[in-house]
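Everything below concerns the one structure shown next.
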Amino acid sequence: MWLYRLLVSVFALWRVARDGRQRLAVAAPENGPHVWLHGASNGELASARPVVAWLVMVRPDLSVLVTSNTETGRAMVAGWDLPRVAACRAPVDLSWVTARVLRQWQVVA
């Protein structure tokens, strides 16, 4: 098990080196609590758009962080032009990076 975790960590850090620091959740968040939605594919993101639009409308106290696996997905979300919606690449799948996203973006449960 420890060997698997080591290999996954090395692969994830290699991807960070390739994709840039945004994958470590260093993007500057907007102030206030956020809801975090992730879409692995453009289809999932497209189907989540009505939910995000509804959430922005009914909860003016919350902002929405939408992450995607690809730059194309991030660009699609940015093109929605919805208020209080931030689009970022998904952080690498490491527990300490996820904890950092939850803390920096003040993600609410």
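As shown in the structure tokens, the chain order sets the letters A, B, ...; within each chain, residues go from 1, and ligands are also counted from 1 in the order they appear.
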So that I can see what lies close to region 32-35 of chain A, please list as a PDB file with C-alpha atoms, in the first residue's frame the residues with an atom at most 12 Å from it, counting only C-alpha atoms and leaving out residues fewer than 3 positions away in the same chain.
```pdb
ATOM      1  CA  PRO A  29      -9.721  32.795  -3.918  1.00  0.00           C
ATOM      2  CA  HIS A  38     -16.057  19.410  -9.845  1.00  0.00           C
ATOM      3  CA  VAL A  51     -27.383  23.917 -10.923  1.00  0.00           C
ATOM      4  CA  VAL A  52     -24.607  26.500 -10.624  1.00  0.00           C
ATOM      5  CA  LEU A  55     -27.226  28.236  -6.685  1.00  0.00           C
ATOM      6  CA  VAL A  56     -25.872  31.690  -7.545  1.00  0.00           C
ATOM      7  CA  ARG A  59     -27.681  31.926  -2.342  1.00  0.00           C
ATOM      8  CA  PRO A  60     -26.187  35.396  -2.792  1.00  0.00           C
ATOM      9  CA  ASP A  61     -24.103  34.770   0.344  1.00  0.00           C
ATOM     10  CA  LEU A  62     -22.120  31.971  -1.360  1.00  0.00           C
ATOM     11  CA  SER A  63     -19.634  31.877  -4.182  1.00  0.00           C
ATOM     12  CA  VAL A  64     -19.040  28.793  -6.310  1.00  0.00           C
ATOM     13  CA  LEU A  65     -15.715  27.174  -7.128  1.00  0.00           C
ATOM     14  CA  VAL A  66     -15.955  24.955 -10.205  1.00  0.00           C
ATOM     15  CA  THR A  67     -12.956  22.777 -11.027  1.00  0.00           C
ATOM     16  CA  ARG A  84     -19.431  34.750  -8.034  1.00  0.00           C
ATOM     17  CA  VAL A  85     -18.312  31.677 -10.005  1.00  0.00           C
ATOM     18  CA  ALA A  86     -14.587  30.907 -10.132  1.00  0.00           C
ATOM     19  CA  VAL A 101      -8.242  23.955  -1.247  1.00  0.00           C
ATOM     20  CA  LEU A 102     -10.893  23.447   1.432  1.00  0.00           C
ATOM     21  CA  ARG A 103      -9.102  25.849   3.769  1.00  0.00           C
ATOM     22  CA  GLN A 104      -8.142  28.554   1.233  1.00  0.00           C
ATOM     23  CA  TRP A 105     -11.515  28.655  -0.457  1.00  0.00           C
ATOM     24  CA  GLN A 106     -13.490  28.350   2.811  1.00  0.00           C
ATOM     25  CA  VAL A 107     -15.535  25.490   1.345  1.00  0.00           C
ATOM     26  CA  VAL A 108     -18.750  24.901   3.267  1.00  0.00           C
ATOM     27  CA  ALA A 109     -20.154  21.469   3.901  1.00  0.00           C
TER      28      ALA A 109
END
```
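Separating CA of Gly73 (chain A) from CA of Trp36 (chain A) is a distance of 15.0 Å.
The space between CA of Arg5 (chain A) and CA of Asp93 (chain A) spans 11.1 Å.
If you measure from each of A:Ala53, A:Ala40, A:Leu94, A:Cys88 to Phe11 (chain A) using only C-alpha atoms, the closest one turns out to be A:Leu94.
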**OP:** Determine which residues of chain A receive a DSSP assignment of helix (DSSP H, G or I), computed from the backbone, and state them as a PyMOL selection string.
**Re:** chain A and resi 2-19+21-24+42-58+71-79+95-104
Backbone DSSP call of strand (DSSP E or B) for region 5-106 of chain A, listed as a short mmCIF file (atom, residue, chain, number, x, y, z; two decimals) with N, CA and C atoms, in the first residue's frame:
```cif
data_model
loop_
_atom_site.label_atom_id
_atom_site.label_comp_id
_atom_site.auth_asym_id
_atom_site.auth_seq_id
_atom_site.Cartn_x
_atom_site.Cartn_y
_atom_site.Cartn_z
N HIS A 34 -17.49 29.24 0.01
CA HIS A 34 -17.68 28.72 -1.34
C HIS A 34 -18.30 27.33 -1.29
N VAL A 35 -18.99 27.01 -2.35
CA VAL A 35 -19.41 25.64 -2.63
C VAL A 35 -18.49 25.16 -3.74
N TRP A 36 -17.99 23.94 -3.61
CA TRP A 36 -17.03 23.41 -4.58
C TRP A 36 -17.71 22.33 -5.41
N LEU A 37 -17.77 22.55 -6.72
CA LEU A 37 -18.29 21.55 -7.66
C LEU A 37 -17.17 21.16 -8.61
N HIS A 38 -17.08 19.88 -8.92
CA HIS A 38 -16.06 19.41 -9.84
C HIS A 38 -16.71 18.64 -10.98
N GLY A 39 -16.29 18.94 -12.19
CA GLY A 39 -16.73 18.20 -13.36
C GLY A 39 -15.53 17.57 -14.04
N SER A 63 -20.27 31.90 -2.87
CA SER A 63 -19.63 31.88 -4.18
C SER A 63 -19.45 30.42 -4.56
N VAL A 64 -19.16 30.17 -5.83
CA VAL A 64 -19.04 28.79 -6.31
C VAL A 64 -17.67 28.62 -6.94
N LEU A 65 -16.97 27.58 -6.52
CA LEU A 65 -15.71 27.17 -7.13
C LEU A 65 -16.02 25.96 -8.00
N VAL A 66 -15.75 26.08 -9.29
CA VAL A 66 -15.96 24.96 -10.20
C VAL A 66 -14.59 24.54 -10.73
N THR A 67 -14.24 23.28 -10.53
CA THR A 67 -12.96 22.78 -11.03
C THR A 67 -13.21 21.77 -12.13
N SER A 68 -12.22 21.66 -13.00
CA SER A 68 -12.29 20.69 -14.10
C SER A 68 -10.92 20.09 -14.32
N VAL A 85 -18.73 33.02 -9.61
CA VAL A 85 -18.31 31.68 -10.01
C VAL A 85 -16.86 31.74 -10.46
N ALA A 86 -16.00 30.98 -9.78
CA ALA A 86 -14.59 30.91 -10.13
C ALA A 86 -14.33 29.57 -10.82
N ALA A 87 -13.57 29.61 -11.90
CA ALA A 87 -13.24 28.39 -12.65
C ALA A 87 -11.75 28.14 -12.53
N CYS A 88 -11.39 26.94 -12.09
CA CYS A 88 -9.98 26.56 -11.92
C CYS A 88 -9.76 25.14 -12.40
N ARG A 89 -8.51 24.83 -12.70
CA ARG A 89 -8.15 23.45 -12.95
C ARG A 89 -8.25 22.69 -11.64
#
```
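Nearest residue to Val92 (chain A), choosing from A:Arg74, A:Arg49, A:Trp80, A:Val8 and counting only C-alpha atoms: A:Val8.
For the pair CA of Glu71 (chain A) and CA of Val58 (chain A), the separation is 28.3 Å.
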**OP:** Using only C-alpha atoms, determine which residues lie at most 10 Å from Ser41 (chain A), disregarding the query and same-chain residues fewer than 4 positions distant; provide the list as a PyMOL selection string.
**Re:** chain A and resi 45-46+68-70+72-73
